[in-house]
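Since the structure comes first, as structure tokens, the remarks are kept for the end.
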Number of protein chains: 4
Amino acid sequence: MFLTLKKGATKSQLEHLRKKINGLGFRAHISKGAKKIVVGVIGENAILVRDTFESMEIVDFITPISKPYKLASREFKKEDTIINVNGIKIGGKQIVVMAGPCSVEKKDLLIKIAREIKKAGARILRGGAFKPRTSPYSFQGLGEKGLKYLAAAKKITGLSIVTEAMTIEQVKIVEKYSDIIQIGARNVQNFDLLKAVGKSRKPVLLKRGIATTVKEFLMSAEYIMSQGNCNIILCERGIRTFEQSTRFTLDLNAVPVIKRLSHLPIIIDPSHGTGVRDYVAPLSKAAIAVGADGLMIEVHSKPEEALSDGPQSLLPKDFFSLMEELKKVAYAVGREI
Amino acid sequence: MFLTLKKGATKSQLEHLRKKINGLGFRAHISKGAKKIVVGVIGENAILVRDTFESMEIVDFITPISKPYKLASREFKKEDTIINVNGIKIGGKQIVVMAGPCSVEKKDLLIKIAREIKKAGARILRGGAFKPRTSPYSFQGLGEKGLKYLAAAKKITGLSIVTEAMTIEQVKIVEKYSDIIQIGARNVQNFDLLKAVGKSRKPVLLKRGIATTVKEFLMSAEYIMSQGNCNIILCERGIRTFEQSTRFTLDLNAVPVIKRLSHLPIIIDPSHGTGVRDYVAPLSKAAIAVGADGLMIEVHSKPEEALSDGPQSLLPKDFFSLMEELKKVAYAVGREI
Amino acid sequence: MFLTLKKGATKSQLEHLRKKINGLGFRAHISKGAKKIVVGVIGENAILVRDTFESMEIVDFITPISKPYKLASREFKKEDTIINVNGIKIGGKQIVVMAGPCSVEKKDLLIKIAREIKKAGARILRGGAFKPRTSPYSFQGLGEKGLKYLAAAKKITGLSIVTEAMTIEQVKIVEKYSDIIQIGARNVQNFDLLKAVGKSRKPVLLKRGIATTVKEFLMSAEYIMSQGNCNIILCERGIRTFEQSTRFTLDLNAVPVIKRLSHLPIIIDPSHGTGVRDYVAPLSKAAIAVGADGLMIEVHSKPEEALSDGPQSLLPKDFFSLMEELKKVAYAVGREI
Amino acid sequence: MFLTLKKGATKSQLEHLRKKINGLGFRAHISKGAKKIVVGVIGENAILVRDTFESMEIVDFITPISKPYKLASREFKKEDTIINVNGIKIGGKQIVVMAGPCSVEKKDLLIKIAREIKKAGARILRGGAFKPRTSPYSFQGLGEKGLKYLAAAKKITGLSIVTEAMTIEQVKIVEKYSDIIQIGARNVQNFDLLKAVGKSRKPVLLKRGIATTVKEFLMSAEYIMSQGNCNIILCERGIRTFEQSTRFTLDLNAVPVIKRLSHLPIIIDPSHGTGVRDYVAPLSKAAIAVGADGLMIEVHSKPEEALSDGPQSLLPKDFFSLMEELKKVAYAVGREI
């Protein structure tokens, strides 16, 4: 339930309202727009206390929210959310490209790749220090050492960093080195982890699970937002279907669906979404054409030596060409890279 | 198995070879390229008679085809197939747009729509006269009367026609009125129907089934080709997945996958692939960006009165705007509409 | 819409009612139960003419049917449908087992297998004469010769026959030799074929498609029933999912779901549903335990020589042991084999 | 890689071997069977140090394990694993039934349900104290208070307890009160949580994810086993498919598949697997018939008041009847309840 306040609500009236909401066992979420103030009454069955607010002087009208995700819904916030990462704006006119190796391995190599993707026009460096791997016997990532390599690459290139946290403990340390905390597809319903990053002040890149519906995906975003962190970048990275000629089926339908249901930005990961290097370029173009706000692409100088996901990584020179082509597509749909 | 012939093979040598192949119980498929002649030996276990051809003078070398689809494979034919429909070339530089109502209903309305889509830049008019409907109690199409309406619209506008044949009997009559015979998603493995259109000389638009893998899809094309008709336009129209926020999940991964495995052109149907009007425009742009050779889009002047699939049909004015935007995307990827 | 008549409706009243229904453009489906007569008014939007019947003397009450499948629904017919095939009752207390090779190949071998499955307790011989094959180069079945072999096996063993018709033309010839006409999974939405078997008087075994929902499945049954043939045996044979360790995922949930929604009998095909010989026995037991009315199992004396689906065929001796075990499971759930 | 030792290997030889393995950077897993000792060399690329062991006196032969899951595979351990929970043996002849409410709510009600399920023949009480919920605004469980209620119910009835831990922190506290630690479907690839329960000495009930393949499922079990805890009960609870008439599609194929690939016991959860009360009984029977080692069933005295999953919970009296029927099915397949 959302309360739209009358013009001219004073600070003390607002404070009074907040206490009222808390006193009834709910959380107040205050959103100050250019023209009006909207207050979310967050919690289960908030609608049952509607009467309490109807009679209040400063409440202009009450909007029951029909969606199970509230803060993430367009019903609550009409304007697109734009997330600011060190001056890079995600969700606006500019398409933001995040690139880098699947996992952080050697420091020199990482810096080399970082330089090359920057030259090509990427703004954010990706790379896993903590790696979720299906087999316990696969390479599990360098841990904090990997985060330090990322920080070194950032220092040299000025690129911002996005990297994954897999556990509540890792959130703290990832927060220290990274500009965006990534939550992986396998953790999209790891609710305690979602709550943990919800308490962080860093933007969160939330990947859709391979069998997560759009509605569940937005509900996972809501878990984060319900803790106060509304800086969420959604990421579609392929869903699991019967088709086996690609590793996953990239669900580009999800982009306009999410744009309709939510105000949050959404980016596409064609590297995981196809699992095949040759398909990354065409799907990247399609992602921009369909309306995505950014891309996350795996780039590796020596894909054949990569400890994970080599077959889907682009060579720097191919990434460079791709970026040139993407600029044209972005321009064609009224955006820029 | 394919036999690549030496340069200078004479007509009578070729005829001799064909008889030899037939005599062994196989079918010969002769493909004359600019530089060389390739002869397909079509039939089960053709490879077992390899020896017979190895010693033949005019045979340069023999290529066993590893794929279960042979004629449809890139291994057999390197160059893209371009299909000529009354001068419209499908599979080349130009993106071909087919548009029109889901089902043919009233003559005047059809002609009105045809005029509008032509003005917007569509080249081919779509519309169902025979309609496959999940319920026996739903509108089943006008039958031949509908075909006549399509012919009338063609006469007036000069647009070519694509419409569906659901049974072997209908193939004959559809062939008479239509420029392209459509095989619907539900009939993608109706093998006798595939064979029937394989004997037609008209191009075939083959829609992927909702649970057909890319390999099975190419095998269905192979059924048609094995009967001598190689003018096939593939069409991706959404696959069935767990996601329910759209009617189907449009599988755009399939475009680069098919481009790699086959030489046949492929178009996209975003109207069926999403089932929602608002999602048709973004997915159309994505289809062109990903490399599709064309689009099939539902357009209806009065979608609320349509007897089938109204909610996914565009209004002519929206189709007009969309075509303008698509031209820009086509240009961005080096193509044109 | 269904009209439940008052007791004592005369023949001429019934005839008058039928004419009335036809005159309004609908089809009348008269179902005489032990206690009452129910008349279905079949056709699109029948509910719009409800008023016409409300005032009629012989009509007791009117039931609008909410389901898009009407004749197939439990709302229309409360009691289980029991189908009589030469005295074998399908849908009653007895579990009916259909067994035999995937495709009919050699006459002697077929008769040998028929004798063995009969000894084991099967009542119906299965075997394909017309074979739908994904590749055009695979063995396509013996055609009418195969049907004759089946007839020969029937004559010798007394087993009834079930075999597939893939086209409208084949329906006639299959009808001649077979006791049950099978419609394969690929043809579950080949609506003209469904209508064709709907005009036959022979029972129809309708296989669920690999991506057909339960509702669509019942709608396909409705296509057949809408033409007057209500002797339909449904068959679940596995759906296509992401899981690749079995060829398909056998959906046993569908049995109680269909039992609730429909009065039609349903059997299970664990051979196609798993694609692996070793899994046929456990899934057969599960099928009986879950409430299926029968089984369709592939049995072949020399699976390694079978021209299709050898890897999923049981040896006669294994089928014999399985039947012994199935008897115990049937007994445990109050049924018998 | 596994080393099968010669008969008569001494304790000190074994200790020497273990040190050797550790020295090379691997973990030794020693499994003493009745007849022979098998030593697993666990870690990535263990096969590369094969030579080191080939020449060792006490090594009889070396088995490279082809599966990515090693300890969980039948290749490693031929005999079924039987897990002992306070004298209840899971994986042997007896089918073990776990029952109780979805979530623990009121103490009295829980004890009442516990008494009833015990009377009906269940051996283990289930109930969630920590609840993973798709929406952040849904009831999230009573936490430790819920665990205390479970302990109280255990004290009174003698039933053992199974309950879920969602985070590493919760593992410690769940361990304290529960006899089996449950890992839910959403956490099947929460690898750090898997490792945490791998270090516990309590048996683990590992639920399959809704889009987890059988191979990935076994790999998740391997994560737990790789930490030393081999007491794992697998649980199939439905996979996500296109079919929407049930909440999930219960994959009973998975039972014989897993029995072939692994020695671990597997149970079925028909309550979550169907999501509909009426379908629980038939699927429970099917689960036993297909070879499952147990069942997990939701039972609630007042399902309409349950804070989660009421519509799929059985009433105690229905559970009682079901248990009677299950005994017959168990008997029919040579097992008992």
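Numbering starts fresh at 1 for the residues of each chain in the structure tokens, the chains themselves are lettered A, B, ... in the order given, and ligands are numbered from 1 as they appear.
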
- Item | Residue hits in chain A, query chain D, radius 8 Å, only C-alpha atoms, as a PyMOL selection string | chain A and resi 42-44+68-69+132-139+166-167+186-187+189-192+210-211+216+219-220+222-223+226+240

- 12 Å contact set for stretch 13-21 of chain C, only C-alpha atoms, chain neighbours under 2 positions out, as a ChimeraX atom specification: /C:1-11,23-32,37-43,46,49-50,52-53,56-59

Written selection (N, CA, C and O atoms) as a short mmCIF file (atom, residue, chain, number, x, y, z; two decimals), in the first residue's frame:
```cif
data_model
loop_
_atom_site.label_atom_id
_atom_site.label_comp_id
_atom_site.auth_asym_id
_atom_site.auth_seq_id
_atom_site.Cartn_x
_atom_site.Cartn_y
_atom_site.Cartn_z
N MET C 1 -22.65 -25.97 -23.45
CA MET C 1 -23.88 -25.94 -22.66
C MET C 1 -24.56 -27.31 -22.72
O MET C 1 -24.62 -27.93 -23.77
N PHE C 2 -25.05 -27.78 -21.56
CA PHE C 2 -25.72 -29.08 -21.52
C PHE C 2 -27.12 -28.95 -20.94
O PHE C 2 -27.33 -28.23 -19.96
N LEU C 3 -28.02 -29.64 -21.55
CA LEU C 3 -29.41 -29.63 -21.09
C LEU C 3 -29.71 -30.96 -20.42
O LEU C 3 -29.58 -32.02 -21.05
N THR C 4 -30.03 -30.94 -19.14
CA THR C 4 -30.44 -32.17 -18.48
C THR C 4 -31.96 -32.23 -18.59
O THR C 4 -32.66 -31.29 -18.21
N LEU C 5 -32.45 -33.34 -19.16
CA LEU C 5 -33.89 -33.43 -19.45
C LEU C 5 -34.65 -33.98 -18.24
O LEU C 5 -34.10 -34.69 -17.39
N LYS C 6 -35.93 -33.65 -18.20
CA LYS C 6 -36.78 -34.21 -17.15
C LYS C 6 -37.01 -35.69 -17.43
O LYS C 6 -36.91 -36.14 -18.59
N LYS C 7 -37.34 -36.44 -16.38
CA LYS C 7 -37.64 -37.87 -16.57
C LYS C 7 -38.81 -38.02 -17.52
O LYS C 7 -39.72 -37.19 -17.53
N GLY C 8 -38.79 -39.06 -18.31
CA GLY C 8 -39.93 -39.35 -19.17
C GLY C 8 -39.96 -38.62 -20.49
O GLY C 8 -41.00 -38.56 -21.15
N ALA C 9 -38.80 -38.05 -20.89
CA ALA C 9 -38.78 -37.39 -22.20
C ALA C 9 -39.00 -38.45 -23.28
O ALA C 9 -38.37 -39.51 -23.27
N THR C 10 -39.91 -38.17 -24.20
CA THR C 10 -40.21 -39.17 -25.23
C THR C 10 -39.26 -39.04 -26.41
O THR C 10 -38.57 -38.03 -26.56
N LYS C 11 -39.29 -40.08 -27.23
CA LYS C 11 -38.43 -40.10 -28.41
C LYS C 11 -38.72 -38.91 -29.32
O LYS C 11 -37.80 -38.29 -29.86
N GLY C 23 -31.17 -26.44 -35.96
CA GLY C 23 -31.70 -25.24 -36.61
C GLY C 23 -30.99 -23.96 -36.18
O GLY C 23 -30.88 -23.00 -36.93
N LEU C 24 -30.46 -23.98 -34.97
CA LEU C 24 -29.74 -22.80 -34.47
C LEU C 24 -28.26 -22.83 -34.85
O LEU C 24 -27.49 -21.96 -34.46
N GLY C 25 -27.90 -23.87 -35.61
CA GLY C 25 -26.51 -23.94 -36.07
C GLY C 25 -25.59 -24.70 -35.14
O GLY C 25 -24.36 -24.61 -35.26
N PHE C 26 -26.13 -25.47 -34.22
CA PHE C 26 -25.29 -26.24 -33.31
C PHE C 26 -25.47 -27.74 -33.55
O PHE C 26 -26.37 -28.16 -34.28
N ARG C 27 -24.62 -28.54 -32.94
CA ARG C 27 -24.75 -29.98 -33.02
C ARG C 27 -25.27 -30.49 -31.69
O ARG C 27 -24.88 -30.00 -30.62
N ALA C 28 -26.17 -31.48 -31.73
CA ALA C 28 -26.71 -32.05 -30.51
C ALA C 28 -25.95 -33.33 -30.19
O ALA C 28 -25.71 -34.15 -31.07
N HIS C 29 -25.54 -33.45 -28.93
CA HIS C 29 -24.87 -34.68 -28.50
C HIS C 29 -25.72 -35.28 -27.38
O HIS C 29 -25.79 -34.73 -26.28
N ILE C 30 -26.40 -36.41 -27.69
CA ILE C 30 -27.34 -36.98 -26.73
C ILE C 30 -26.66 -38.13 -25.97
O ILE C 30 -26.12 -39.06 -26.55
N SER C 31 -26.66 -38.02 -24.65
CA SER C 31 -26.01 -39.01 -23.81
C SER C 31 -27.06 -39.59 -22.85
O SER C 31 -27.55 -38.90 -21.96
N LYS C 32 -27.42 -40.86 -23.06
CA LYS C 32 -28.46 -41.46 -22.23
C LYS C 32 -27.83 -42.24 -21.09
O LYS C 32 -27.22 -43.29 -21.29
N ILE C 37 -31.21 -38.23 -19.14
CA ILE C 37 -30.68 -37.93 -20.46
C ILE C 37 -30.09 -36.53 -20.44
O ILE C 37 -30.72 -35.58 -19.96
N VAL C 38 -28.83 -36.44 -20.92
CA VAL C 38 -28.18 -35.13 -21.01
C VAL C 38 -27.92 -34.83 -22.48
O VAL C 38 -27.44 -35.70 -23.21
N VAL C 39 -28.26 -33.62 -22.90
CA VAL C 39 -28.06 -33.25 -24.29
C VAL C 39 -27.05 -32.11 -24.37
O VAL C 39 -27.27 -31.03 -23.80
N GLY C 40 -25.96 -32.37 -25.06
CA GLY C 40 -24.96 -31.32 -25.24
C GLY C 40 -25.31 -30.47 -26.46
O GLY C 40 -25.69 -31.01 -27.51
N VAL C 41 -25.19 -29.15 -26.29
CA VAL C 41 -25.37 -28.25 -27.43
C VAL C 41 -23.96 -27.79 -27.81
O VAL C 41 -23.34 -27.00 -27.10
N ILE C 42 -23.46 -28.37 -28.91
CA ILE C 42 -22.04 -28.25 -29.23
C ILE C 42 -21.80 -27.22 -30.33
O ILE C 42 -22.43 -27.28 -31.38
N GLY C 43 -20.87 -26.33 -30.09
CA GLY C 43 -20.53 -25.30 -31.07
C GLY C 43 -20.10 -24.07 -30.33
O GLY C 43 -20.25 -23.97 -29.11
N ALA C 46 -22.40 -21.42 -27.67
CA ALA C 46 -23.73 -22.01 -27.52
C ALA C 46 -24.51 -21.32 -26.40
O ALA C 46 -25.73 -21.19 -26.46
N VAL C 49 -27.52 -18.90 -26.80
CA VAL C 49 -28.91 -19.28 -27.12
C VAL C 49 -29.58 -19.98 -25.93
O VAL C 49 -30.60 -20.67 -26.09
N ARG C 50 -29.02 -19.81 -24.77
CA ARG C 50 -29.55 -20.42 -23.56
C ARG C 50 -31.05 -20.18 -23.38
O ARG C 50 -31.80 -21.10 -23.04
N THR C 52 -33.50 -19.85 -25.37
CA THR C 52 -34.35 -20.71 -26.20
C THR C 52 -34.74 -21.99 -25.48
O THR C 52 -35.83 -22.52 -25.65
N PHE C 53 -33.79 -22.52 -24.69
CA PHE C 53 -34.02 -23.82 -24.07
C PHE C 53 -34.59 -23.72 -22.66
O PHE C 53 -35.23 -24.65 -22.17
N MET C 56 -38.20 -24.44 -22.43
CA MET C 56 -38.72 -25.70 -22.98
C MET C 56 -39.17 -26.66 -21.88
O MET C 56 -38.46 -26.85 -20.89
N GLU C 57 -40.33 -27.26 -22.12
CA GLU C 57 -40.97 -28.13 -21.16
C GLU C 57 -40.05 -29.28 -20.69
O GLU C 57 -39.92 -29.53 -19.49
N ILE C 58 -39.41 -29.95 -21.63
CA ILE C 58 -38.67 -31.17 -21.24
C ILE C 58 -37.31 -30.89 -20.59
O ILE C 58 -36.67 -31.80 -20.07
N VAL C 59 -36.85 -29.63 -20.65
CA VAL C 59 -35.54 -29.32 -20.07
C VAL C 59 -35.68 -29.10 -18.56
O VAL C 59 -36.43 -28.26 -18.12
#
```

- Taking the chain letters and numbering used in this document, name the residues of stretch 50-280 of chain D that DSSP puts in strand (DSSP E or B), as a PyMOL selection string. chain D and resi 59-63+73+83-85+88-90+94+96-100+103+124-126+128+160-164+180-183+204-207+232-236+239+249+262+266-268

Pull C-alpha atoms from the residues just selected and write them as a short mmCIF file (atom, residue, chain, number, x, y, z; two decimals), in the first residue's frame.
```
data_model
loop_
_atom_site.label_atom_id
_atom_site.label_comp_id
_atom_site.auth_asym_id
_atom_site.auth_seq_id
_atom_site.Cartn_x
_atom_site.Cartn_y
_atom_site.Cartn_z
CA VAL D 59 47.84 -50.74 -4.38
CA ASP D 60 46.10 -53.58 -6.19
CA PHE D 61 44.59 -51.53 -9.03
CA ILE D 62 43.61 -47.99 -9.90
CA THR D 63 40.19 -46.89 -11.12
CA SER D 73 28.94 -42.52 -7.74
CA ILE D 83 21.71 -44.00 6.70
CA ASN D 84 20.99 -44.54 10.34
CA VAL D 85 18.91 -41.87 12.05
CA ILE D 88 15.70 -45.64 11.59
CA LYS D 89 17.42 -46.99 8.50
CA ILE D 90 16.99 -44.96 5.33
CA GLN D 94 12.05 -50.14 4.90
CA VAL D 96 10.71 -44.21 5.75
CA VAL D 97 7.93 -41.63 5.87
CA MET D 98 8.61 -38.08 7.06
CA ALA D 99 5.51 -35.99 7.69
CA GLY D 100 4.35 -32.80 9.32
CA SER D 103 6.06 -24.53 8.67
CA ILE D 124 10.26 -38.59 11.22
CA LEU D 125 8.62 -35.21 11.89
CA ARG D 126 9.15 -32.47 9.34
CA GLY D 128 10.12 -25.53 8.85
CA SER D 160 13.12 -37.87 14.89
CA ILE D 161 13.26 -34.39 13.38
CA VAL D 162 14.13 -33.01 9.93
CA THR D 163 14.18 -29.26 9.37
CA GLU D 164 15.81 -26.81 7.01
CA ILE D 180 18.54 -34.44 9.83
CA ILE D 181 19.55 -31.10 8.33
CA GLN D 182 17.47 -30.22 5.29
CA ILE D 183 18.93 -28.19 2.42
CA VAL D 204 21.67 -34.19 5.32
CA LEU D 205 18.44 -34.24 3.32
CA LEU D 206 19.34 -32.57 0.02
CA LYS D 207 16.44 -31.39 -2.13
CA ILE D 232 23.09 -37.80 2.36
CA ILE D 233 19.46 -38.47 1.57
CA LEU D 234 18.50 -37.12 -1.85
CA CYS D 235 14.99 -35.79 -2.34
CA GLU D 236 13.15 -35.24 -5.63
CA ILE D 239 11.01 -29.83 -11.57
CA THR D 249 6.29 -31.85 -12.52
CA SER D 262 24.64 -43.40 -7.23
CA ILE D 266 16.44 -41.05 -2.55
CA ILE D 267 13.03 -40.03 -1.25
CA ILE D 268 10.11 -38.22 -2.87
#
```

- Message: Set the distance at 12 Å and use only C-alpha atoms: which residues neighbour B:Lys285 once local chain neighbours fewer than 6 positions away are removed? I'd like the list as a ChimeraX atom specification.
- Response: /A:252-253,256,283,285-292,329-330,332-333 /B:95,252,268-270,279,291-292,294-295,322-333

- helix (DSSP H, G or I) positions in stretch 276-308 of chain C, given as a ChimeraX atom specification: /C:277-290,303-305

- Note on the structure: Among D:Gly146, D:Gly158, D:Gly275, D:Gly184, D:Phe248 is approached most closely, using only C-alpha atoms, by D:Gly275

- Query: Do you know which residues are at most 7 Å from stretch 313-320 of chain C counting only C-alpha atoms, after dropping those on the same chain fewer than 2 positions away, and could you put them as a list of chain:residue names?
  - Reply: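 The residues that qualify are C:Glu116, C:Ile117, C:Ala120, C:Ser271, C:Arg277, C:Glu298, C:Val299, C:His300, C:Ser301, C:Pro303, C:Asp309, C:Gly310, C:Pro311, C:Leu322, C:Met323, C:Glu324.
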
Could you dump the residues just selected with N, CA and C atoms as a PDB file, in the first residue's frame?
```pdb
ATOM      1  N   GLU C 116       4.706 -64.506 -27.336  1.00  0.00           N
ATOM      2  CA  GLU C 116       5.351 -64.346 -26.034  1.00  0.00           C
ATOM      3  C   GLU C 116       4.655 -63.317 -25.156  1.00  0.00           C
ATOM      4  N   ILE C 117       4.250 -62.203 -25.740  1.00  0.00           N
ATOM      5  CA  ILE C 117       3.595 -61.191 -24.901  1.00  0.00           C
ATOM      6  C   ILE C 117       2.226 -61.698 -24.446  1.00  0.00           C
ATOM      7  N   ALA C 120       2.657 -63.847 -21.533  1.00  0.00           N
ATOM      8  CA  ALA C 120       2.976 -63.040 -20.345  1.00  0.00           C
ATOM      9  C   ALA C 120       1.754 -62.327 -19.776  1.00  0.00           C
ATOM     10  N   SER C 271       8.125 -46.825 -22.201  1.00  0.00           N
ATOM     11  CA  SER C 271       9.239 -47.090 -23.122  1.00  0.00           C
ATOM     12  C   SER C 271       9.685 -45.794 -23.789  1.00  0.00           C
ATOM     13  N   ARG C 277      15.779 -48.994 -21.537  1.00  0.00           N
ATOM     14  CA  ARG C 277      15.228 -50.287 -21.125  1.00  0.00           C
ATOM     15  C   ARG C 277      15.134 -50.472 -19.614  1.00  0.00           C
ATOM     16  N   GLU C 298       7.228 -51.503 -25.131  1.00  0.00           N
ATOM     17  CA  GLU C 298       7.924 -52.072 -26.277  1.00  0.00           C
ATOM     18  C   GLU C 298       8.662 -53.350 -25.887  1.00  0.00           C
ATOM     19  N   VAL C 299       8.391 -54.402 -26.652  1.00  0.00           N
ATOM     20  CA  VAL C 299       9.029 -55.700 -26.420  1.00  0.00           C
ATOM     21  C   VAL C 299       9.573 -56.178 -27.761  1.00  0.00           C
ATOM     22  N   HIS C 300      10.794 -56.665 -27.754  1.00  0.00           N
ATOM     23  CA  HIS C 300      11.420 -57.114 -29.001  1.00  0.00           C
ATOM     24  C   HIS C 300      12.363 -58.268 -28.662  1.00  0.00           C
ATOM     25  N   SER C 301      12.312 -59.327 -29.459  1.00  0.00           N
ATOM     26  CA  SER C 301      13.167 -60.494 -29.179  1.00  0.00           C
ATOM     27  C   SER C 301      14.636 -60.192 -29.453  1.00  0.00           C
ATOM     28  N   PRO C 303      16.374 -56.814 -29.664  1.00  0.00           N
ATOM     29  CA  PRO C 303      16.383 -55.339 -29.684  1.00  0.00           C
ATOM     30  C   PRO C 303      17.570 -54.768 -30.457  1.00  0.00           C
ATOM     31  N   ASP C 309      14.177 -47.733 -32.129  1.00  0.00           N
ATOM     32  CA  ASP C 309      13.983 -47.752 -30.676  1.00  0.00           C
ATOM     33  C   ASP C 309      14.385 -49.042 -29.979  1.00  0.00           C
ATOM     34  N   GLY C 310      15.389 -49.755 -30.514  1.00  0.00           N
ATOM     35  CA  GLY C 310      15.867 -50.960 -29.849  1.00  0.00           C
ATOM     36  C   GLY C 310      16.261 -50.742 -28.392  1.00  0.00           C
ATOM     37  N   PRO C 311      17.000 -49.660 -28.107  1.00  0.00           N
ATOM     38  CA  PRO C 311      17.540 -49.488 -26.745  1.00  0.00           C
ATOM     39  C   PRO C 311      16.490 -49.391 -25.650  1.00  0.00           C
ATOM     40  N   LEU C 322       8.337 -58.812 -15.551  1.00  0.00           N
ATOM     41  CA  LEU C 322       7.698 -57.542 -15.214  1.00  0.00           C
ATOM     42  C   LEU C 322       6.203 -57.741 -14.990  1.00  0.00           C
ATOM     43  N   MET C 323       5.565 -58.502 -15.880  1.00  0.00           N
ATOM     44  CA  MET C 323       4.117 -58.717 -15.753  1.00  0.00           C
ATOM     45  C   MET C 323       3.780 -59.371 -14.410  1.00  0.00           C
ATOM     46  N   GLU C 324       4.642 -60.267 -13.964  1.00  0.00           N
ATOM     47  CA  GLU C 324       4.409 -60.900 -12.664  1.00  0.00           C
ATOM     48  C   GLU C 324       4.445 -59.858 -11.546  1.00  0.00           C
TER      49      GLU C 324
END
```

Residues at most 7 Å from A:Phe130, counting only C-alpha atoms, excluding those fewer than 5 positions away in the same chain, as a PDB file with N, CA, C and O atoms, in the first residue's frame?
```
ATOM      1  N   GLN A 140      37.994 -22.828  -7.796  1.00  0.00           N
ATOM      2  CA  GLN A 140      36.980 -22.099  -7.032  1.00  0.00           C
ATOM      3  C   GLN A 140      37.261 -20.604  -6.906  1.00  0.00           C
ATOM      4  O   GLN A 140      36.583 -19.894  -6.161  1.00  0.00           O
ATOM      5  N   GLY A 141      38.259 -20.136  -7.607  1.00  0.00           N
ATOM      6  CA  GLY A 141      38.544 -18.692  -7.545  1.00  0.00           C
ATOM      7  C   GLY A 141      39.662 -18.371  -6.567  1.00  0.00           C
ATOM      8  O   GLY A 141      39.965 -19.159  -5.674  1.00  0.00           O
ATOM      9  N   LEU A 142      40.260 -17.188  -6.751  1.00  0.00           N
ATOM     10  CA  LEU A 142      41.411 -16.789  -5.941  1.00  0.00           C
ATOM     11  C   LEU A 142      41.023 -16.158  -4.610  1.00  0.00           C
ATOM     12  O   LEU A 142      41.880 -15.898  -3.773  1.00  0.00           O
ATOM     13  N   GLY A 143      39.718 -15.858  -4.415  1.00  0.00           N
ATOM     14  CA  GLY A 143      39.303 -15.222  -3.170  1.00  0.00           C
ATOM     15  C   GLY A 143      39.817 -13.800  -3.076  1.00  0.00           C
ATOM     16  O   GLY A 143      39.928 -13.099  -4.092  1.00  0.00           O
ATOM     17  N   GLU A 164      31.414 -10.953  -7.932  1.00  0.00           N
ATOM     18  CA  GLU A 164      30.368 -11.686  -7.208  1.00  0.00           C
ATOM     19  C   GLU A 164      30.690 -11.962  -5.742  1.00  0.00           C
ATOM     20  O   GLU A 164      31.818 -12.291  -5.392  1.00  0.00           O
ATOM     21  N   ALA A 165      29.630 -11.870  -4.916  1.00  0.00           N
ATOM     22  CA  ALA A 165      29.705 -12.349  -3.533  1.00  0.00           C
ATOM     23  C   ALA A 165      28.766 -13.542  -3.425  1.00  0.00           C
ATOM     24  O   ALA A 165      27.613 -13.462  -3.847  1.00  0.00           O
ATOM     25  N   MET A 166      29.270 -14.627  -2.897  1.00  0.00           N
ATOM     26  CA  MET A 166      28.472 -15.848  -2.832  1.00  0.00           C
ATOM     27  C   MET A 166      27.880 -16.118  -1.447  1.00  0.00           C
ATOM     28  O   MET A 166      27.004 -16.942  -1.304  1.00  0.00           O
TER      29      MET A 166
END
```

- Item | Point-to-point distance in Å for atom CA of B:Arg260 and atom CA of B:Ala72 | 11.3 Å

- For B:Glu79, work out the shell of residues within 12 Å, counting only C-alpha atoms and skipping chain neighbours fewer than 2 positions away, then give it as an MDAnalysis selection string. chainID B and resid 33:34 72:77 81:82 91:92 259:265
